[in-house]
>>> print(open('target-v4.txt').read())   # compact mmCIF, C-alpha atoms
# COMPACT_ATOMS: atom_id res chain seq x y z
CA MET M 1 89.53 80.22 128.21
CA ASP M 2 85.80 80.25 128.92
CA ARG M 3 83.89 80.06 125.65
CA ILE M 4 80.47 80.40 127.26
CA PHE M 5 78.92 83.87 127.37
CA ILE M 6 75.87 82.91 129.39
CA GLN M 7 74.06 79.72 130.33
CA ILE M 8 70.41 79.66 131.38
CA GLY M 9 69.18 76.14 132.11
CA PRO M 10 69.60 74.07 128.96
CA ILE M 11 70.31 77.17 126.84
CA THR M 12 73.96 78.01 126.27
CA ILE M 13 75.08 81.12 124.40
CA TYR M 14 78.72 81.13 123.33
CA TRP M 15 81.03 84.10 122.96
CA TYR M 16 81.59 83.05 119.34
CA ALA M 17 77.91 83.66 118.55
CA VAL M 18 77.87 86.96 120.45
CA ILE M 19 80.92 88.25 118.55
CA ILE M 20 79.45 87.22 115.20
CA LEU M 21 76.20 88.98 116.13
CA ILE M 22 78.09 92.16 117.06
CA GLY M 23 79.83 92.02 113.68
CA ILE M 24 76.50 91.65 111.87
CA ILE M 25 74.94 94.58 113.76
CA ILE M 26 77.85 96.92 113.05
CA ALA M 27 77.92 95.79 109.42
CA TYR M 28 74.20 96.52 109.12
CA ILE M 29 74.56 100.01 110.59
CA ILE M 30 77.34 100.90 108.15
CA ALA M 31 75.42 99.53 105.17
CA ASP M 32 72.22 101.28 106.27
CA ILE M 33 74.00 104.65 106.30
CA GLU M 34 75.03 104.06 102.69
CA VAL M 35 71.53 102.91 101.69
CA LYS M 36 70.15 106.20 103.00
CA ARG M 37 72.91 108.20 101.31
CA GLN M 38 72.08 106.59 97.98
CA LYS M 39 68.35 107.02 98.68
CA LEU M 40 67.58 103.38 98.01
CA ASN M 41 64.37 101.69 99.12
CA LYS M 42 64.33 101.69 102.93
CA ASN M 43 63.40 97.99 102.98
CA PHE M 44 66.17 97.01 100.56
CA LEU M 45 68.83 96.24 103.16
CA SER M 46 66.63 94.44 105.70
CA ASP M 47 65.12 92.29 102.94
CA LEU M 48 68.58 91.46 101.60
CA LEU M 49 70.07 90.58 104.99
CA PHE M 50 67.06 88.42 105.78
CA TYR M 51 68.44 86.06 103.14
CA LEU M 52 72.17 86.75 103.40
CA ILE M 53 72.65 85.92 107.08
CA PRO M 54 71.39 82.31 106.92
CA ILE M 55 72.89 81.79 103.45
CA GLY M 56 76.26 83.04 104.70
CA ILE M 57 76.24 80.76 107.74
CA ILE M 58 75.20 77.73 105.68
CA GLY M 59 77.76 78.53 102.97
CA ALA M 60 80.54 79.00 105.54
CA ARG M 61 79.74 75.67 107.17
CA LEU M 62 79.31 73.69 103.94
CA TYR M 63 82.61 74.99 102.60
CA TYR M 64 84.39 73.87 105.78
CA VAL M 65 82.64 70.50 105.85
CA LEU M 66 83.27 69.72 102.17
CA PHE M 67 87.01 70.26 102.50
CA ASP M 68 87.22 68.22 105.69
CA LEU M 69 84.66 65.62 104.67
CA ASP M 70 86.50 62.54 105.92
CA ASN M 71 86.32 63.74 109.52
CA PHE M 72 82.66 64.77 109.34
CA ILE M 73 81.58 61.49 107.72
CA GLN M 74 82.79 59.69 110.83
CA ASN M 75 80.66 61.96 113.02
CA PRO M 76 77.82 63.44 110.92
CA ILE M 77 76.04 65.07 113.87
CA SER M 78 79.04 67.36 114.34
CA ILE M 79 78.15 69.07 111.04
CA ILE M 80 75.51 71.16 112.81
CA LYS M 81 77.73 72.06 115.78
CA ILE M 82 78.87 75.40 114.43
CA TRP M 83 79.34 76.70 117.99
CA GLU M 84 82.44 74.52 118.16
CA GLY M 85 83.99 76.47 115.28
CA GLY M 86 84.44 75.51 111.66
CA LEU M 87 82.96 78.37 109.67
CA ALA M 88 85.00 79.28 106.59
CA ILE M 89 84.55 82.91 105.56
CA TYR M 90 85.24 82.12 101.91
CA GLY M 91 82.26 79.77 101.89
CA ALA M 92 80.05 82.57 103.21
CA VAL M 93 81.39 85.06 100.66
CA ILE M 94 80.94 82.70 97.72
CA ALA M 95 77.42 81.67 98.74
CA CYS M 96 76.31 85.26 99.33
CA ILE M 97 77.79 86.55 96.06
CA ILE M 98 75.97 83.86 94.10
CA PHE M 99 72.71 84.76 95.83
CA ILE M 100 73.22 88.51 95.31
CA TYR M 101 73.83 87.96 91.59
CA PHE M 102 70.39 86.42 91.11
CA TYR M 103 68.71 88.68 93.67
CA SER M 104 70.04 91.78 91.92
CA LYS M 105 68.21 90.77 88.76
CA LYS M 106 64.97 90.38 90.68
CA ILE M 107 65.14 93.82 92.33
CA LYS M 108 66.73 95.46 89.28
CA ILE M 109 69.74 96.95 91.05
CA PRO M 110 73.17 96.41 89.41
CA PHE M 111 75.02 93.43 90.85
CA LEU M 112 78.27 95.34 91.46
CA LYS M 113 76.41 98.25 93.00
CA ILE M 114 75.09 95.94 95.71
CA LEU M 115 78.54 94.42 96.25
CA ASP M 116 80.05 97.92 96.52
CA LEU M 117 77.46 98.83 99.12
CA LEU M 118 78.21 95.73 101.21
CA ALA M 119 82.02 95.52 100.84
CA PRO M 120 82.97 97.80 103.77
CA SER M 121 80.36 96.12 105.97
CA LEU M 122 81.69 92.68 105.11
CA ILE M 123 85.32 93.44 105.85
CA ILE M 124 84.61 95.11 109.21
CA ALA M 125 82.42 92.14 110.16
CA GLN M 126 85.35 89.87 109.28
CA SER M 127 87.66 91.97 111.44
CA ILE M 128 85.30 91.63 114.40
CA GLY M 129 84.51 87.96 113.72
CA ARG M 130 88.16 86.93 114.01
CA TRP M 131 87.91 87.59 117.74
CA GLY M 132 85.55 84.63 117.90
CA ASN M 133 88.52 82.55 116.76
CA PHE M 134 90.53 84.01 119.62
CA ILE M 135 87.91 82.93 122.16
CA ASN M 136 87.81 79.45 120.60
CA GLN M 137 91.62 79.34 120.52
CA GLU M 138 91.73 78.55 116.81
CA ALA M 139 93.06 80.10 113.59
CA TYR M 140 96.51 80.54 115.14
CA GLY M 141 99.94 80.22 113.60
CA PRO M 142 103.12 78.30 114.43
CA ILE M 143 104.60 77.83 117.88
CA THR M 144 106.52 80.87 119.08
CA THR M 145 107.97 82.18 122.33
CA LEU M 146 106.63 84.36 125.10
CA LYS M 147 109.44 86.84 124.49
CA HIS M 148 108.58 87.12 120.79
CA LEU M 149 104.94 87.93 121.60
CA GLN M 150 106.00 90.44 124.25
CA ASP M 151 108.38 92.08 121.76
CA LEU M 152 105.41 92.59 119.43
CA HIS M 153 103.77 94.64 122.23
CA ILE M 154 100.67 92.49 122.04
CA PRO M 155 98.25 93.02 124.97
CA LYS M 156 98.76 90.60 127.83
CA PHE M 157 95.31 89.00 127.53
CA ILE M 158 96.03 88.04 123.91
CA ILE M 159 99.38 86.53 124.87
CA GLU M 160 97.65 84.52 127.59
CA GLY M 161 95.00 83.40 125.10
CA MET M 162 97.74 82.20 122.75
CA HIS M 163 99.15 79.95 125.48
CA ILE M 164 97.57 76.67 124.40
CA ASN M 165 98.47 73.21 125.72
CA GLY M 166 101.77 74.42 127.10
CA ASN M 167 102.93 76.33 124.03
CA TYR M 168 102.68 79.91 122.79
CA TYR M 169 101.31 80.35 119.27
CA THR M 170 101.44 83.13 116.69
CA PRO M 171 98.17 85.12 116.82
CA THR M 172 97.30 85.00 113.13
CA PHE M 173 93.68 85.74 114.04
CA LEU M 174 94.91 89.14 115.24
CA TYR M 175 96.91 89.75 112.07
CA GLU M 176 93.86 89.14 109.93
CA SER M 177 91.62 91.20 112.18
CA LEU M 178 93.98 94.18 111.88
CA TRP M 179 94.40 93.64 108.13
CA CYS M 180 90.62 93.73 107.70
CA LEU M 181 90.34 96.81 109.91
CA ILE M 182 92.86 98.65 107.73
CA GLY M 183 90.97 97.42 104.67
CA PHE M 184 87.74 98.81 106.12
CA ILE M 185 89.34 102.22 106.60
CA LEU M 186 90.66 102.10 103.03
CA LEU M 187 87.23 101.24 101.61
CA MET M 188 85.53 103.98 103.62
CA LEU M 189 88.09 106.52 102.40
CA ILE M 190 87.38 105.47 98.83
CA ARG M 191 83.63 105.66 99.46
CA TYR M 192 83.60 109.16 100.91
CA ILE M 193 86.70 110.88 99.53
CA VAL M 194 87.30 109.60 95.99
CA LYS M 195 85.23 111.63 93.53
CA ASN M 196 83.61 110.36 90.34
CA LYS M 197 84.30 106.73 91.21
CA LYS M 198 82.58 104.07 89.16
CA ILE M 199 80.66 100.99 90.18
CA GLY M 200 82.96 98.11 91.06
CA ILE M 201 85.81 100.06 92.64
CA LEU M 202 84.93 99.07 96.21
CA THR M 203 84.29 95.46 95.24
CA SER M 204 87.58 95.13 93.38
CA THR M 205 89.49 96.81 96.21
CA TYR M 206 87.96 94.42 98.72
CA PHE M 207 88.81 91.36 96.61
CA ILE M 208 92.41 92.46 96.08
CA TRP M 209 93.05 93.71 99.61
CA TYR M 210 91.51 90.78 101.44
CA GLY M 211 92.91 88.26 98.96
CA ILE M 212 96.49 89.47 99.49
CA GLY M 213 96.19 89.55 103.27
CA ARG M 214 94.51 86.18 103.53
CA PHE M 215 97.06 84.56 101.20
CA LEU M 216 99.97 85.72 103.35
CA ILE M 217 98.34 85.00 106.71
CA GLU M 218 97.00 81.62 105.63
CA GLY M 219 100.57 80.50 105.02
CA LEU M 220 101.16 80.78 108.78
CA ARG M 221 98.02 79.06 110.01
CA GLN M 222 98.15 75.59 111.52
CA ASP M 223 94.53 74.63 110.80
CA SER M 224 94.33 75.18 107.04
CA LEU M 225 92.13 73.06 104.80
CA TYR M 226 94.12 71.37 102.04
CA LEU M 227 93.55 70.20 98.50
CA GLY M 228 96.45 67.83 98.02
CA SER M 229 99.49 69.81 99.16
CA PHE M 230 97.90 73.21 98.53
CA ARG M 231 96.05 75.31 101.06
CA ILE M 232 92.49 75.84 99.85
CA SER M 233 92.26 79.40 101.17
CA GLN M 234 95.44 80.41 99.38
CA ILE M 235 94.06 79.06 96.10
CA VAL M 236 90.81 80.97 96.63
CA SER M 237 92.79 84.09 97.60
CA ILE M 238 94.67 84.03 94.30
CA ILE M 239 91.39 83.63 92.41
CA LEU M 240 89.91 86.51 94.40
CA ILE M 241 92.84 88.78 93.59
CA ILE M 242 92.59 87.95 89.87
CA ILE M 243 88.84 88.63 89.87
CA GLY M 244 89.41 91.91 91.71
CA ILE M 245 91.99 93.06 89.18
CA ALA M 246 89.72 92.03 86.30
CA ILE M 247 86.77 93.96 87.76
CA LEU M 248 88.98 96.99 88.28
CA PHE M 249 90.19 97.07 84.68
CA ILE M 250 86.87 96.22 83.06
CA THR M 251 84.60 98.54 85.03
CA GLN M 252 86.94 101.48 85.33
CA GLY M 253 87.61 101.36 81.61
CA ARG M 254 83.96 101.77 80.67
CA LYS M 255 83.02 105.36 80.00
CA GLU M 256 79.34 104.55 80.38
CA ASN M 257 79.80 102.84 83.73
CA GLU M 258 77.53 104.37 86.38
CA LYS M 259 79.12 106.59 89.02
CA VAL M 260 78.49 106.00 92.72
>>> encode(input="target-v4.txt", output="structure tokens")
Amino acid sequence: MDRIFIQIGPITIYWYAVIILIGIIIAYIIADIEVKRQKLNKNFLSDLLFYLIPIGIIGARLYYVLFDLDNFIQNPISIIKIWEGGLAIYGAVIACIIFIYFYSKKIKIPFLKILDLLAPSLIIAQSIGRWGNFINQEAYGPITTLKHLQDLHIPKFIIEGMHINGNYYTPTFLYESLWCLIGFILLMLIRYIVKNKKIGILTSTYFIWYGIGRFLIEGLRQDSLYLGSFRISQIVSIILIIIGIAILFITQGRKENEKV
């Protein structure tokens, strides 16, 4: 599978980067609609994303590198080769949440209000971004059969993309992409249909929904990062679910909590 989108002289642009950029653009559009609906400062979102995009990329890469440090120590230059893959979404999420916490104090907008605003954008960007894994032929599950994939009524081009080194593999990238797409629809329904909702509901729903899906799908993946015999992403998923439940109970139980 050709990973190169376009090559002009010494400049090579990869499909992975193009897909990530598409995800960012769509995420921005969705968030911008909500910024206008809430009548927030028109520069709020662009100022925030100016920091979040590089912080997210750096966080995603550092997370991946730290949990696969032995391999990167042997070839340090490969740390910067993000076009070859190796961006962990949990690293991006953690880094961005930490930044937003401190940034929210500076701009005097509630921390959870910002997270609620960004949650649908994040999960749809994740859904789109997983197709970068498809192009790179990574984030797949165990060996399967052609018949099994055909029985799932998966499009032919995906089946062909899952034919790697003579074997067919389970398209876990697709499972997560679809899970995130459903999660996006759920969050948007909550945003625009649920009345009198309080701050934190979208954030907690995202944490719980994505945490459950990622925990289950991660168990199938063949490229997981491990801490001992445990998959790192499954550990983080459990933590995310617990945090989501805690936010849900704490914020929804407060009578004085601001409505959104």
>>> residues_around(input="target-v4.txt", residues="Ala60 (chain M)", least_positions_apart="6", cutoff="12 Å", atoms="all atoms listed in the file", output="list in words")
Leu52, Ile53, Pro54, Leu66, Phe67, Ile79, Ile80, Ile82, Gly85, Gly86, Leu87, Ala88, Ile89, Tyr90, Gly91, Ala92, Val93, Ile94, Ala95 and Cys96 of chain M
>>> closest_residue(input="target-v4.txt", among="M:Arg130, M:Tyr192, M:Lys156, M:His148", to="Tyr175 (chain M)", atoms="only C-alpha atoms")
M:Arg130
>>> residues_around(input="target-v4.txt", residues="region 216-231 of chain M", least_positions_apart="5", cutoff="7 Å", atoms="all atoms listed in the file", output="PyMOL selection string")
chain M and resi 67-68+139-142+172+176
>>> residues_near_point(input="target-v4.txt", point="(80.0, 104.1, 97.3)", cutoff="10 Å", atoms="only C-alpha atoms", output="PyMOL selection string")
chain M and resi 34-35+37-38+113-120+187-195+197-203+259-260
>>> atom_distance(input="target-v4.txt", atom1="CA of Tyr101 (chain M)", atom2="CA of Phe50 (chain M)")
15.7 Å
>>> residues_around(input="target-v4.txt", residues="Ile238 (chain M)", least_positions_apart="5", cutoff="9 Å", atoms="all atoms listed in the file", output="PyMOL selection string")
chain M and resi 208+211-212+215+233+243
>>> atom_distance(input="target-v4.txt", atom1="CA of Ser78 (chain M)", atom2="CA of Ile57 (chain M)")
15.2 Å
>>> atom_distance(input="target-v4.txt", atom1="CA of Lys105 (chain M)", atom2="CA of Ala27 (chain M)")
23.4 Å
>>> closest_residue(input="target-v4.txt", among="M:Ile4, M:Ile109, M:Ile97, M:Lys81", to="Leu40 (chain M)", atoms="only C-alpha atoms")
M:Ile109
>>> residues_around(input="target-v4.txt", residues="region 122-126 of chain M", least_positions_apart="2", cutoff="10 Å", atoms="all atoms listed in the file", output="ChimeraX atom specification")
/M:19-28,30-31,89,93,115,117-120,128-131,176-185,187,206,209-210
>>> write_last_selection(input="target-v4.txt", atoms="C-alpha atoms", output="compact mmCIF listing (two decimals), in the frame of the given file")
# COMPACT_ATOMS: atom_id res chain seq x y z
CA ILE M 19 80.92 88.25 118.55
CA ILE M 20 79.45 87.22 115.20
CA LEU M 21 76.20 88.98 116.13
CA ILE M 22 78.09 92.16 117.06
CA GLY M 23 79.83 92.02 113.68
CA ILE M 24 76.50 91.65 111.87
CA ILE M 25 74.94 94.58 113.76
CA ILE M 26 77.85 96.92 113.05
CA ALA M 27 77.92 95.79 109.42
CA TYR M 28 74.20 96.52 109.12
CA ILE M 30 77.34 100.90 108.15
CA ALA M 31 75.42 99.53 105.17
CA ILE M 89 84.55 82.91 105.56
CA VAL M 93 81.39 85.06 100.66
CA LEU M 115 78.54 94.42 96.25
CA LEU M 117 77.46 98.83 99.12
CA LEU M 118 78.21 95.73 101.21
CA ALA M 119 82.02 95.52 100.84
CA PRO M 120 82.97 97.80 103.77
CA ILE M 128 85.30 91.63 114.40
CA GLY M 129 84.51 87.96 113.72
CA ARG M 130 88.16 86.93 114.01
CA TRP M 131 87.91 87.59 117.74
CA GLU M 176 93.86 89.14 109.93
CA SER M 177 91.62 91.20 112.18
CA LEU M 178 93.98 94.18 111.88
CA TRP M 179 94.40 93.64 108.13
CA CYS M 180 90.62 93.73 107.70
CA LEU M 181 90.34 96.81 109.91
CA ILE M 182 92.86 98.65 107.73
CA GLY M 183 90.97 97.42 104.67
CA PHE M 184 87.74 98.81 106.12
CA ILE M 185 89.34 102.22 106.60
CA LEU M 187 87.23 101.24 101.61
CA TYR M 206 87.96 94.42 98.72
CA TRP M 209 93.05 93.71 99.61
CA TYR M 210 91.51 90.78 101.44
>>> build_atoms(input="target-v4.txt", residues="region 4-16 of chain M", atoms="N, CA and C atoms", output="CSV table (one decimal), keeping the file's coordinate frame")
chain,number,residue,atom,x,y,z
M,4,ILE,N,81.9,80.2,127.0
M,4,ILE,CA,80.5,80.4,127.3
M,4,ILE,C,80.2,81.8,127.7
M,5,PHE,N,79.3,82.5,127.0
M,5,PHE,CA,78.9,83.9,127.4
M,5,PHE,C,77.9,83.9,128.5
M,6,ILE,N,76.9,83.0,128.4
M,6,ILE,CA,75.9,82.9,129.4
M,6,ILE,C,75.2,81.6,129.2
M,7,GLN,N,74.8,81.0,130.3
M,7,GLN,CA,74.1,79.7,130.3
M,7,GLN,C,72.8,79.8,131.2
M,8,ILE,N,71.7,79.6,130.6
M,8,ILE,CA,70.4,79.7,131.4
M,8,ILE,C,69.7,78.3,131.2
M,9,GLY,N,69.8,77.5,132.2
M,9,GLY,CA,69.2,76.1,132.1
M,9,GLY,C,69.8,75.4,131.0
M,10,PRO,N,69.0,74.8,130.1
M,10,PRO,CA,69.6,74.1,129.0
M,10,PRO,C,70.1,74.9,127.8
M,11,ILE,N,69.9,76.3,127.9
M,11,ILE,CA,70.3,77.2,126.8
M,11,ILE,C,71.7,77.7,127.1
M,12,THR,N,72.6,77.5,126.2
M,12,THR,CA,74.0,78.0,126.3
M,12,THR,C,74.2,79.0,125.1
M,13,ILE,N,74.7,80.2,125.4
M,13,ILE,CA,75.1,81.1,124.4
M,13,ILE,C,76.6,81.3,124.5
M,14,TYR,N,77.3,81.1,123.4
M,14,TYR,CA,78.7,81.1,123.3
M,14,TYR,C,79.2,82.5,122.9
M,15,TRP,N,80.4,82.8,123.4
M,15,TRP,CA,81.0,84.1,123.0
M,15,TRP,C,81.2,84.2,121.4
M,16,TYR,N,81.4,83.1,120.8
M,16,TYR,CA,81.6,83.0,119.3
M,16,TYR,C,80.4,83.6,118.7
